[in-house]
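Student: Got a structure for you, protein_34.cif, holding mmCIF, C-alpha atoms.
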data_entry
#
loop_
_atom_site.label_atom_id
_atom_site.label_comp_id
_atom_site.auth_asym_id
_atom_site.auth_seq_id
_atom_site.Cartn_x
_atom_site.Cartn_y
_atom_site.Cartn_z
CA MET A 912 -137.67 94.53 37.11
CA GLN A 913 -134.92 93.27 39.39
CA ALA A 914 -136.26 89.73 39.02
CA GLU A 915 -136.43 89.94 35.22
CA LEU A 916 -132.87 91.22 34.90
CA SER A 917 -131.57 88.70 37.43
CA ALA A 918 -133.16 85.89 35.43
CA ALA A 919 -131.70 87.32 32.23
CA LEU A 920 -128.23 87.48 33.76
CA LEU A 921 -128.44 83.88 34.94
CA GLY A 922 -129.54 82.88 31.45
CA LEU A 923 -126.39 84.50 30.06
CA ARG A 924 -123.97 82.55 32.26
CA ALA A 925 -123.07 79.99 29.61
CA ALA A 926 -122.92 82.43 26.70
CA ALA A 927 -120.82 84.87 28.74
CA SER A 928 -118.54 82.09 30.08
CA LEU A 929 -119.40 82.69 33.74
CA GLU A 930 -119.66 79.02 34.71
CA ASN A 931 -116.52 79.34 36.86
CA GLU A 932 -118.51 81.34 39.43
CA SER A 933 -121.61 80.34 41.37
CA GLU A 934 -125.09 81.61 40.55
CA THR A 935 -124.98 83.61 43.77
CA GLU A 936 -121.73 85.28 42.67
CA THR A 937 -123.20 86.06 39.26
CA LEU A 938 -126.34 87.58 40.77
CA GLY A 939 -124.17 89.55 43.19
CA ARG A 940 -122.76 91.44 40.23
CA LEU A 941 -126.12 93.06 39.47
CA THR A 942 -127.73 96.10 41.06
CA VAL A 943 -130.86 97.67 39.54
CA GLU A 944 -131.96 101.28 40.02
CA SER A 945 -135.07 102.97 38.68
CA LEU A 946 -134.56 105.86 36.27
CA GLY A 947 -138.24 106.55 35.67
CA PRO A 948 -141.59 104.92 34.98
CA SER A 949 -140.24 102.76 32.16
CA SER A 950 -136.47 102.82 32.42
CA VAL A 951 -133.91 101.29 34.77
CA LEU A 952 -130.16 101.36 35.30
CA ALA A 953 -128.45 97.97 35.58
CA LYS A 954 -125.11 98.28 37.35
CA VAL A 955 -122.85 95.28 36.75
CA ALA A 956 -119.61 94.60 38.61
CA SER A 957 -116.98 94.25 35.90
CA ASP A 958 -114.31 92.49 37.97
CA GLY A 959 -112.73 89.73 35.88
CA LEU A 960 -114.90 90.38 32.81
CA SER A 961 -113.39 90.66 29.35
CA LEU A 962 -114.68 93.00 26.65
CA ASP A 963 -116.54 90.16 24.93
CA GLN A 964 -118.23 89.17 28.20
CA LYS A 965 -119.29 92.76 28.85
CA LEU A 966 -120.77 93.05 25.37
CA MET A 967 -122.67 89.78 25.77
CA ILE A 968 -124.09 90.84 29.14
CA GLU A 969 -125.00 94.32 27.93
CA ARG A 970 -126.88 92.99 24.91
CA GLY A 971 -128.69 90.37 27.00
CA LEU A 972 -129.81 92.77 29.73
CA LYS A 973 -131.00 95.39 27.25
CA ALA A 974 -133.14 92.74 25.53
CA ALA A 975 -134.54 91.38 28.80
CA SER A 976 -137.76 93.42 28.84
CA PRO A 977 -139.76 94.81 25.91
CA SER A 978 -141.56 97.27 28.18
CA TYR A 979 -138.51 98.79 29.91
CA THR A 980 -135.52 100.70 28.62
CA VAL A 981 -132.46 99.20 30.28
CA GLU A 982 -129.25 101.21 30.57
CA VAL A 983 -126.23 99.09 31.48
CA ARG A 984 -123.18 100.41 33.31
CA PHE A 985 -120.08 98.41 34.25
CA LYS A 986 -117.89 99.30 37.21
CA ARG A 987 -115.00 97.60 38.98
CA THR A 988 -115.80 96.92 42.65
CA ARG A 989 -112.55 95.38 43.88
CA PRO A 990 -109.02 96.79 43.68
CA LEU A 991 -106.65 95.17 41.20
CA GLN A 992 -104.01 92.83 42.57
CA GLN A 993 -100.72 94.67 42.74
CA GLY A 994 -97.36 93.33 41.68
CA PRO A 995 -94.05 94.80 40.57
CA THR A 996 -95.43 95.79 37.17
CA SER A 997 -99.16 95.24 37.54
CA GLY A 998 -102.10 96.78 39.31
CA PRO A 999 -103.10 100.41 39.50
CA ALA A 1000 -100.38 102.99 39.39
CA PRO A 1001 -100.52 105.91 41.84
CA LEU A 1002 -103.51 108.18 41.35
CA THR A 1003 -103.15 111.83 40.55
CA GLU A 1004 -106.11 114.14 40.84
CA ARG A 1005 -106.69 117.56 39.34
CA LYS A 1006 -109.56 119.87 38.56
CA ALA A 1007 -110.37 120.19 34.88
CA PRO A 1008 -111.17 123.58 33.29
CA PHE A 1009 -114.83 122.54 33.14
CA GLY A 1010 -115.00 122.17 36.93
CA LEU A 1011 -114.91 118.37 36.94
CA ARG A 1012 -112.67 116.36 39.23
CA ILE A 1013 -110.51 114.07 37.11
CA THR A 1014 -108.67 111.11 38.63
CA LYS A 1015 -105.93 109.68 36.45
CA ARG A 1016 -104.41 106.22 36.60
CA ALA A 1017 -101.29 105.33 34.69
CA ILE A 1018 -100.91 102.06 32.82
CA PRO A 1019 -98.64 99.83 34.94
CA GLY A 1020 -95.16 99.59 33.47
CA VAL A 1021 -95.64 102.43 30.94
CA THR A 1022 -93.37 105.44 31.46
CA HIS A 1023 -94.56 107.85 28.75
CA VAL A 1024 -97.85 108.02 26.84
CA ILE A 1025 -97.70 109.85 23.49
CA VAL A 1026 -100.95 110.50 21.62
CA VAL A 1027 -101.11 111.18 17.89
CA ALA A 1028 -104.24 113.11 16.98
CA SER A 1029 -105.96 115.06 14.23
CA GLY A 1030 -109.16 116.99 13.89
CA LYS A 1031 -110.28 115.11 10.77
CA GLY A 1032 -109.75 111.81 9.03
CA GLY A 1033 -107.63 111.18 5.98
CA VAL A 1034 -104.59 113.20 6.98
CA GLY A 1035 -102.29 110.22 7.58
CA LYS A 1036 -102.42 110.07 11.38
CA SER A 1037 -102.05 106.28 11.49
CA THR A 1038 -99.08 106.45 9.11
CA VAL A 1039 -97.41 108.94 11.43
CA SER A 1040 -98.22 106.81 14.51
CA VAL A 1041 -96.79 103.62 13.04
CA ASN A 1042 -93.61 105.23 11.74
CA LEU A 1043 -93.08 107.14 14.99
CA ALA A 1044 -93.38 103.92 17.01
CA VAL A 1045 -90.99 102.05 14.70
CA ALA A 1046 -88.49 104.93 14.71
CA LEU A 1047 -88.55 105.07 18.54
CA ALA A 1048 -87.96 101.31 18.71
CA ALA A 1049 -85.05 101.64 16.28
CA ARG A 1050 -83.46 104.08 18.74
CA GLY A 1051 -83.53 101.38 21.41
CA ALA A 1052 -86.68 102.40 23.26
CA LYS A 1053 -89.20 99.85 24.50
CA VAL A 1054 -92.31 100.83 22.55
CA GLY A 1055 -95.97 99.89 22.45
CA LEU A 1056 -98.60 101.05 19.96
CA LEU A 1057 -102.29 101.23 20.80
CA ASP A 1058 -104.64 101.59 17.84
CA ALA A 1059 -107.54 103.41 19.49
CA ASP A 1060 -109.31 104.12 16.19
CA ILE A 1061 -112.09 101.68 16.98
CA TYR A 1062 -114.18 102.49 13.91
CA GLY A 1063 -111.30 102.23 11.43
CA PRO A 1064 -108.37 100.25 12.84
CA SER A 1065 -105.61 100.17 10.21
CA ILE A 1066 -102.51 99.60 12.33
CA PRO A 1067 -102.49 95.77 11.92
CA MET A 1068 -102.15 96.05 8.15
CA MET A 1069 -99.50 98.76 8.42
CA LEU A 1070 -97.37 96.54 10.65
CA GLY A 1071 -98.08 93.31 8.78
CA LEU A 1072 -99.91 91.76 11.74
CA SER A 1073 -103.02 89.59 11.86
CA GLY A 1074 -104.73 87.11 14.14
CA ASN A 1075 -106.22 87.27 17.61
CA LEU A 1076 -104.68 88.58 20.79
CA PRO A 1077 -103.69 85.76 23.16
CA ALA A 1078 -104.61 86.02 26.83
CA THR A 1079 -102.86 85.18 30.09
CA GLU A 1080 -104.31 83.05 32.88
CA ALA A 1081 -105.32 86.29 34.59
CA ASP A 1082 -107.42 87.28 31.55
CA LYS A 1083 -104.95 89.94 30.43
CA LEU A 1084 -104.54 90.39 26.69
CA LEU A 1085 -101.05 90.01 25.25
CA PRO A 1086 -99.94 92.41 22.49
CA LEU A 1087 -98.70 91.17 19.14
CA SER A 1088 -95.25 92.37 18.10
CA ALA A 1089 -93.71 93.54 14.84
CA HIS A 1090 -90.54 95.53 14.12
CA GLY A 1091 -89.82 95.83 17.84
CA VAL A 1092 -93.23 97.35 18.66
CA LYS A 1093 -95.83 95.72 20.92
CA THR A 1094 -99.21 96.38 19.33
CA VAL A 1095 -102.84 96.21 20.39
CA SER A 1096 -105.64 97.12 18.00
CA PHE A 1097 -109.38 96.72 17.97
CA GLY A 1098 -108.74 95.24 14.53
CA PHE A 1099 -107.44 92.10 16.27
CA LEU A 1100 -110.80 91.66 18.01
CA THR A 1101 -113.23 92.15 15.11
CA ASP A 1102 -113.90 90.91 11.60
CA THR A 1103 -111.95 93.09 9.17
CA GLU A 1104 -114.94 93.37 6.82
CA GLN A 1105 -117.59 94.15 9.42
CA PRO A 1106 -118.27 97.69 10.65
CA VAL A 1107 -118.28 98.56 14.34
CA ILE A 1108 -121.66 100.15 15.06
CA TRP A 1109 -121.33 101.32 18.64
CA ARG A 1110 -122.47 104.34 20.58
CA GLY A 1111 -119.99 106.54 22.43
CA PRO A 1112 -120.20 105.07 25.96
CA LEU A 1113 -119.45 101.56 24.72
CA VAL A 1114 -116.51 102.89 22.70
CA ALA A 1115 -115.11 104.53 25.83
CA LYS A 1116 -115.44 101.23 27.74
CA ALA A 1117 -113.59 99.37 24.99
CA PHE A 1118 -110.81 101.94 25.05
CA GLU A 1119 -110.43 101.54 28.81
CA GLN A 1120 -110.07 97.77 28.44
CA LEU A 1121 -107.46 98.13 25.69
CA CYS A 1122 -105.43 100.26 28.11
CA TYR A 1123 -105.75 98.43 31.40
CA ASP A 1124 -106.61 94.84 30.50
CA VAL A 1125 -103.46 94.39 28.41
CA LYS A 1126 -100.17 93.05 29.76
CA TRP A 1127 -97.94 95.69 28.20
CA GLY A 1128 -94.90 94.90 30.31
CA GLU A 1129 -92.24 97.58 30.71
CA LEU A 1130 -92.51 100.31 28.06
CA ASP A 1131 -90.59 103.53 27.64
CA TYR A 1132 -93.25 104.85 25.28
CA LEU A 1133 -96.82 103.90 24.47
CA VAL A 1134 -97.91 105.61 21.26
CA ILE A 1135 -101.70 105.92 20.95
CA ASP A 1136 -103.23 106.42 17.52
CA LEU A 1137 -106.46 108.27 18.24
CA PRO A 1138 -109.50 108.37 15.99
CA PRO A 1139 -110.14 111.71 14.30
CA GLY A 1140 -112.19 114.34 16.07
CA THR A 1141 -112.71 115.45 19.66
CA GLY A 1142 -115.29 112.95 20.90
CA ASP A 1143 -115.75 110.15 23.42
CA VAL A 1144 -112.47 108.30 22.97
CA GLN A 1145 -110.38 111.47 23.19
CA LEU A 1146 -112.20 112.65 26.32
CA ALA A 1147 -112.00 109.19 27.92
CA LEU A 1148 -108.26 109.23 27.27
CA VAL A 1149 -107.71 112.62 28.87
CA GLU A 1150 -109.89 111.72 31.84
CA THR A 1151 -108.04 108.44 32.40
CA LEU A 1152 -104.38 108.59 31.42
CA PRO A 1153 -101.47 110.84 32.39
CA ILE A 1154 -100.31 111.95 28.93
CA HIS A 1155 -96.67 112.87 28.37
CA GLY A 1156 -97.32 114.67 25.10
CA ALA A 1157 -99.53 115.02 22.04
CA VAL A 1158 -98.57 115.22 18.38
CA ILE A 1159 -101.02 116.96 16.02
CA VAL A 1160 -101.12 115.75 12.41
CA THR A 1161 -102.45 117.88 9.58
CA THR A 1162 -102.07 118.42 5.86
CA PRO A 1163 -101.29 121.89 4.44
CA GLN A 1164 -104.72 122.79 3.07
CA ASN A 1165 -107.14 125.02 4.94
CA VAL A 1166 -109.88 122.42 5.40
CA ALA A 1167 -107.50 120.17 7.37
CA LEU A 1168 -105.95 123.04 9.31
CA LEU A 1169 -109.39 124.17 10.46
CA ASP A 1170 -109.97 120.88 12.28
CA ALA A 1171 -106.36 120.60 13.46
CA HIS A 1172 -106.87 123.88 15.33
CA LYS A 1173 -109.84 122.30 17.13
CA ALA A 1174 -107.85 119.24 18.18
CA LEU A 1175 -105.04 121.47 19.44
CA THR A 1176 -107.47 123.64 21.41
CA MET A 1177 -109.02 120.58 23.04
CA PHE A 1178 -105.64 119.37 24.34
CA GLN A 1179 -104.64 122.83 25.52
CA ARG A 1180 -107.88 123.35 27.43
CA LEU A 1181 -107.43 119.98 29.11
CA ASP A 1182 -103.81 120.74 30.06
CA VAL A 1183 -102.28 118.06 27.82
CA PRO A 1184 -98.73 119.03 26.75
CA VAL A 1185 -98.51 119.38 22.95
CA ILE A 1186 -95.09 118.45 21.57
CA GLY A 1187 -95.73 119.93 18.14
CA LEU A 1188 -97.21 119.50 14.70
CA VAL A 1189 -96.50 117.16 11.80
CA GLU A 1190 -97.39 118.42 8.33
CA ASN A 1191 -98.16 115.33 6.27
CA MET A 1192 -98.48 115.28 2.47
CA SER A 1193 -96.51 118.53 2.41
CA GLU A 1194 -95.66 117.99 -1.25
CA PHE A 1195 -96.06 115.31 -3.88
CA ILE A 1196 -92.86 113.67 -5.13
CA CYS A 1197 -93.25 112.23 -8.61
CA PRO A 1198 -91.86 108.67 -8.65
CA SER A 1199 -90.85 109.00 -12.31
CA CYS A 1200 -89.04 112.33 -12.51
CA GLY A 1201 -88.63 113.36 -8.87
CA HIS A 1202 -90.53 116.63 -9.37
CA HIS A 1203 -91.93 118.16 -6.16
CA GLU A 1204 -95.46 119.56 -6.42
CA PRO A 1205 -97.37 121.07 -3.42
CA ILE A 1206 -100.77 119.78 -4.50
CA PHE A 1207 -102.33 120.43 -1.07
CA ALA A 1208 -101.05 124.02 -0.97
CA THR A 1209 -97.88 125.01 0.80
CA GLY A 1210 -96.87 126.46 4.14
CA GLY A 1211 -100.14 125.73 5.93
CA GLY A 1212 -98.61 123.69 8.73
CA SER A 1213 -95.86 126.23 9.34
CA ALA A 1214 -98.39 129.06 9.42
CA MET A 1215 -100.55 127.23 11.95
CA ALA A 1216 -97.53 126.42 14.10
CA ALA A 1217 -96.44 130.05 14.10
CA SER A 1218 -99.90 131.32 15.00
CA ARG A 1219 -100.32 128.84 17.86
CA LYS A 1220 -96.70 128.98 19.09
CA LEU A 1221 -95.98 125.35 18.16
CA LYS A 1222 -92.99 123.57 16.71
CA VAL A 1223 -93.20 121.89 13.31
CA LEU A 1224 -91.71 118.51 14.11
CA ALA A 1225 -91.59 117.11 10.56
CA HIS A 1226 -92.73 117.68 7.00
CA VAL A 1227 -93.72 114.35 5.43
CA PRO A 1228 -93.99 114.25 1.63
CA LEU A 1229 -96.75 112.52 -0.32
CA ALA A 1230 -94.61 109.75 -1.81
CA VAL A 1231 -95.19 106.27 -3.14
CA GLY A 1232 -92.65 104.77 -0.75
CA VAL A 1233 -94.57 105.94 2.31
CA ARG A 1234 -97.79 104.44 0.98
CA GLU A 1235 -96.13 101.19 -0.02
CA GLY A 1236 -94.61 100.78 3.42
CA GLY A 1237 -98.06 101.00 5.01
CA ASP A 1238 -99.68 98.64 2.55
CA ASN A 1239 -96.89 96.07 2.77
CA GLY A 1240 -96.50 96.05 6.54
CA ARG A 1241 -92.96 97.45 6.49
CA PRO A 1242 -93.12 101.12 7.55
CA VAL A 1243 -90.77 103.41 5.68
CA ALA A 1244 -89.09 104.42 8.95
CA LEU A 1245 -87.39 101.01 8.88
CA SER A 1246 -85.43 102.00 5.78
CA ASN A 1247 -82.38 104.23 5.31
CA SER A 1248 -84.05 106.15 2.50
CA GLU A 1249 -84.65 109.89 2.45
CA LEU A 1250 -88.35 109.21 3.09
CA SER A 1251 -87.52 107.85 6.56
CA ARG A 1252 -85.86 111.10 7.63
CA PRO A 1253 -89.02 113.03 8.71
CA PHE A 1254 -90.13 110.17 10.97
CA LYS A 1255 -86.69 109.88 12.54
CA GLN A 1256 -86.79 113.64 13.18
CA LEU A 1257 -90.17 113.18 14.82
CA ALA A 1258 -88.80 110.41 17.03
CA GLU A 1259 -85.90 112.64 18.07
CA ALA A 1260 -88.36 115.39 19.03
CA VAL A 1261 -90.39 112.97 21.16
CA LEU A 1262 -87.27 111.59 22.85
CA SER A 1263 -86.08 115.09 23.71
CA HIS A 1264 -89.48 116.26 24.97
CA GLY A 1265 -89.20 117.12 28.67
#
When written as structure tokens, how does the structure in this file appear?
Tutor:
Amino acid sequence: MQAELSAALLGLRAAASLENESETETLGRLTVESLGPSSVLAKVASDGLSLDQKLMIERGLKAASPSYTVEVRFKRTRPLQQGPTSGPAPLTERKAPFGLRITKRAIPGVTHVIVVASGKGGVGKSTVSVNLAVALAARGAKVGLLDADIYGPSIPMMLGLSGNLPATEADKLLPLSAHGVKTVSFGFLTDTEQPVIWRGPLVAKAFEQLCYDVKWGELDYLVIDLPPGTGDVQLALVETLPIHGAVIVTTPQNVALLDAHKALTMFQRLDVPVIGLVENMSEFICPSCGHHEPIFATGGGSAMAASRKLKVLAHVPLAVGVREGGDNGRPVALSNSELSRPFKQLAEAVLSHG
């Protein structure tokens, strides 16, 4: 099987843009281990490989043999080159509650990582992430925004950004910028109309590259918009990054609070500091008459915060202006309207978090 996979890897050199290295160097990337009578593990050295190259190699190796199941795993074999703002940051190691040894590596140049999370989709987590990032930038902070919602990346539209991420000579991706926020999203790397149909391990690999293969520069805050739930991306994040604080987003109704409790419990069990809770869509504001109607119930976020000893950082109304800001690429936090106030309060809470 080693010979078949070696031949397959050599056959991928052109498609995976590996012509700059010799055939011997390409073959040196590959190690094959038996997992059973009809399955093997192909270990590939990932040094210098982009996400697209990894995907091309993974697909090619898995299709190399109809009679064997091929599992592909990428791993860096050489240390990163270190510079004043590049290379691996100091490692910190701790023992997780589940008995696993977790080694964390900070993103070079990034001082604080803030994650915005929810237990379920549709509660406005991306809206909160975008407006928090913009509000922090308006206060003079150097801010980055990582859209880690690989299956539904919406941050580019909300910031009015489009196009592909440029790359440096060292194969580092360069963020796109809008409203003072450096932004990286999986939406910049895929067709907006095509779904991403990936299994968990590949998603975790993509997340790692969006963190460490990007030239973020010096940032005071990196805001990470997580996908909903408590799955692979969330666990990869906690296992990898030192997190300064988490913000939980929910709506007032019980069905959203149920899943918000789960997200909160995950962070607490993994020793991630939780800054507090944002109650989104706390009440509907009629654009015609200004009437306030709590269509998703009332007081749910405050009740959850009280029961779990959390702070309510902001109550965000369900208002046309908030939606329009996201659709038009000009987040409402940029304005001086009353609708920007909750997001500015949230930014103040993050800035004052110890």
Student: For Arg1219 in chain A, work out the shell of residues within 12 Å, counting only C-alpha atoms and skipping chain neighbours fewer than 5 positions away, then give it as an mmCIF file with C-alpha atoms, in the frame of the given file.
Tutor:
data_model
loop_
_atom_site.group_PDB
_atom_site.id
_atom_site.type_symbol
_atom_site.label_atom_id
_atom_site.label_comp_id
_atom_site.auth_asym_id
_atom_site.auth_seq_id
_atom_site.Cartn_x
_atom_site.Cartn_y
_atom_site.Cartn_z
ATOM 1 C CA LEU A 1168 -105.950 123.040 9.310
ATOM 2 C CA ALA A 1171 -106.360 120.600 13.460
ATOM 3 C CA HIS A 1172 -106.870 123.880 15.330
ATOM 4 C CA LYS A 1173 -109.840 122.300 17.130
ATOM 5 C CA LEU A 1175 -105.040 121.470 19.440
ATOM 6 C CA THR A 1176 -107.470 123.640 21.410
ATOM 7 C CA GLN A 1179 -104.640 122.830 25.520
ATOM 8 C CA VAL A 1185 -98.510 119.380 22.950
ATOM 9 C CA GLY A 1187 -95.730 119.930 18.140
ATOM 10 C CA LEU A 1188 -97.210 119.500 14.700
ATOM 11 C CA GLY A 1212 -98.610 123.690 8.730
ATOM 12 C CA SER A 1213 -95.860 126.230 9.340
ATOM 13 C CA ALA A 1214 -98.390 129.060 9.420
#
Student: Once the PyMOL selection byres ((chain A and resi 1036) around 9) has been evaluated on this model, what residues remain selected, and can you format them as a ChimeraX atom specification?
Tutor: /A:1027-1029,1032-1035,1037-1041,1136-1139,1159-1161,1191
Student: Please save C-alpha atoms of the selected residues as a PDB file, keeping the file's coordinate frame.
Tutor:
ATOM      1  CA  VAL A1027    -101.110 111.180  17.890  1.00  0.00           C
ATOM      2  CA  ALA A1028    -104.240 113.110  16.980  1.00  0.00           C
ATOM      3  CA  SER A1029    -105.960 115.060  14.230  1.00  0.00           C
ATOM      4  CA  GLY A1032    -109.750 111.810   9.030  1.00  0.00           C
ATOM      5  CA  GLY A1033    -107.630 111.180   5.980  1.00  0.00           C
ATOM      6  CA  VAL A1034    -104.590 113.200   6.980  1.00  0.00           C
ATOM      7  CA  GLY A1035    -102.290 110.220   7.580  1.00  0.00           C
ATOM      8  CA  SER A1037    -102.050 106.280  11.490  1.00  0.00           C
ATOM      9  CA  THR A1038     -99.080 106.450   9.110  1.00  0.00           C
ATOM     10  CA  VAL A1039     -97.410 108.940  11.430  1.00  0.00           C
ATOM     11  CA  SER A1040     -98.220 106.810  14.510  1.00  0.00           C
ATOM     12  CA  VAL A1041     -96.790 103.620  13.040  1.00  0.00           C
ATOM     13  CA  ASP A1136    -103.230 106.420  17.520  1.00  0.00           C
ATOM     14  CA  LEU A1137    -106.460 108.270  18.240  1.00  0.00           C
ATOM     15  CA  PRO A1138    -109.500 108.370  15.990  1.00  0.00           C
ATOM     16  CA  PRO A1139    -110.140 111.710  14.300  1.00  0.00           C
ATOM     17  CA  ILE A1159    -101.020 116.960  16.020  1.00  0.00           C
ATOM     18  CA  VAL A1160    -101.120 115.750  12.410  1.00  0.00           C
ATOM     19  CA  THR A1161    -102.450 117.880   9.580  1.00  0.00           C
ATOM     20  CA  ASN A1191     -98.160 115.330   6.270  1.00  0.00           C
TER      21      ASN A1191
END
Student: Just say which residues the PyMOL selection byres ((chain A and resi 912-923) around 7) picks in this file, as a ChimeraX atom specification.
Tutor: /A:924-927,934,938,943,968,971-972,975
Student: Create the file for the chosen residues now, containing C-alpha atoms and written as a compact mmCIF listing (two decimals), in the coordinates of the input.
Tutor:
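Contents of again_31.txt, freshly written:
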# COMPACT_ATOMS: atom_id res chain seq x y z
CA ARG A 924 -123.97 82.55 32.26
CA ALA A 925 -123.07 79.99 29.61
CA ALA A 926 -122.92 82.43 26.70
CA ALA A 927 -120.82 84.87 28.74
CA GLU A 934 -125.09 81.61 40.55
CA LEU A 938 -126.34 87.58 40.77
CA VAL A 943 -130.86 97.67 39.54
CA ILE A 968 -124.09 90.84 29.14
CA GLY A 971 -128.69 90.37 27.00
CA LEU A 972 -129.81 92.77 29.73
CA ALA A 975 -134.54 91.38 28.80
Student: Please return the centre and edge lengths, in Å to one decimal, of a box with edges along x, y and z that contains all listed atoms of range 1158-1176 of chain A, widened by 4 Å on every side, as AutoDock Vina command-line options.
Tutor:
--center_x -104.3 --center_y 120.1 --center_z 12.2 --size_x 19.4 --size_y 17.8 --size_z 26.3
Student: Which residues, written as a PyMOL selection string, have at least one atom at most 12 Å from Ala1078 in chain A, with all atoms listed in the file counted and residues fewer than 5 positions away on the same chain left out?
Tutor: chain A and resi 961+1083-1087+1124-1127
Student: Evaluating the PyMOL selection byres ((chain A and resi 1053) around 9) on the displayed file yields which residues, as JSON, numbers by chain?
Tutor: {"A": [1047, 1048, 1051, 1052, 1054, 1055, 1091, 1092, 1093, 1129, 1130, 1131, 1132, 1133]}
Student: Dump C-alpha atoms for the selected residues as a short mmCIF file (atom, residue, chain, number, x, y, z; two decimals), in the coordinates of the input?
Tutor:
data_model
loop_
_atom_site.label_atom_id
_atom_site.label_comp_id
_atom_site.auth_asym_id
_atom_site.auth_seq_id
_atom_site.Cartn_x
_atom_site.Cartn_y
_atom_site.Cartn_z
CA LEU A 1047 -88.55 105.07 18.54
CA ALA A 1048 -87.96 101.31 18.71
CA GLY A 1051 -83.53 101.38 21.41
CA ALA A 1052 -86.68 102.40 23.26
CA VAL A 1054 -92.31 100.83 22.55
CA GLY A 1055 -95.97 99.89 22.45
CA GLY A 1091 -89.82 95.83 17.84
CA VAL A 1092 -93.23 97.35 18.66
CA LYS A 1093 -95.83 95.72 20.92
CA GLU A 1129 -92.24 97.58 30.71
CA LEU A 1130 -92.51 100.31 28.06
CA ASP A 1131 -90.59 103.53 27.64
CA TYR A 1132 -93.25 104.85 25.28
CA LEU A 1133 -96.82 103.90 24.47
#
Student: Could you tell me how far CA of Phe985 in chain A sits from CA of Gly1128 in chain A, in Å to one decimal place?
Tutor: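 That distance, rounded to one decimal, is 25.7 Å.
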Student: Take range 1065-1069 of chain A, model all heavy atoms, and hand the result over as a compact mmCIF listing (two decimals), in the coordinates of the input.
Tutor:
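Generated output (out17.txt):
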# COMPACT_ATOMS: atom_id res chain seq x y z
N SER A 1065 -106.45 100.50 11.36
CA SER A 1065 -105.61 100.17 10.21
C SER A 1065 -104.19 99.77 10.60
O SER A 1065 -103.41 99.35 9.75
CB SER A 1065 -105.54 101.37 9.25
OG SER A 1065 -105.10 102.53 9.93
N ILE A 1066 -103.87 99.89 11.88
CA ILE A 1066 -102.51 99.60 12.33
C ILE A 1066 -102.08 98.16 12.03
O ILE A 1066 -100.93 97.93 11.63
CB ILE A 1066 -102.36 99.91 13.83
CG1 ILE A 1066 -102.58 101.40 14.09
CG2 ILE A 1066 -101.01 99.46 14.35
CD1 ILE A 1066 -101.61 102.32 13.44
N PRO A 1067 -102.95 97.13 12.22
CA PRO A 1067 -102.49 95.77 11.92
C PRO A 1067 -101.94 95.61 10.51
O PRO A 1067 -100.88 95.01 10.32
CB PRO A 1067 -103.76 94.92 12.14
CG PRO A 1067 -104.52 95.68 13.18
CD PRO A 1067 -104.30 97.13 12.84
N MET A 1068 -102.64 96.15 9.53
CA MET A 1068 -102.15 96.05 8.15
C MET A 1068 -100.82 96.78 7.99
O MET A 1068 -99.89 96.29 7.33
CB MET A 1068 -103.17 96.63 7.17
CG MET A 1068 -102.68 96.67 5.73
SD MET A 1068 -103.88 97.37 4.58
CE MET A 1068 -105.04 96.01 4.46
N MET A 1069 -100.71 97.96 8.59
CA MET A 1069 -99.50 98.76 8.42
C MET A 1069 -98.27 98.12 9.04
O MET A 1069 -97.14 98.43 8.65
CB MET A 1069 -99.71 100.16 9.00
CG MET A 1069 -100.69 101.01 8.22
SD MET A 1069 -100.82 102.68 8.90
CE MET A 1069 -101.76 103.47 7.59
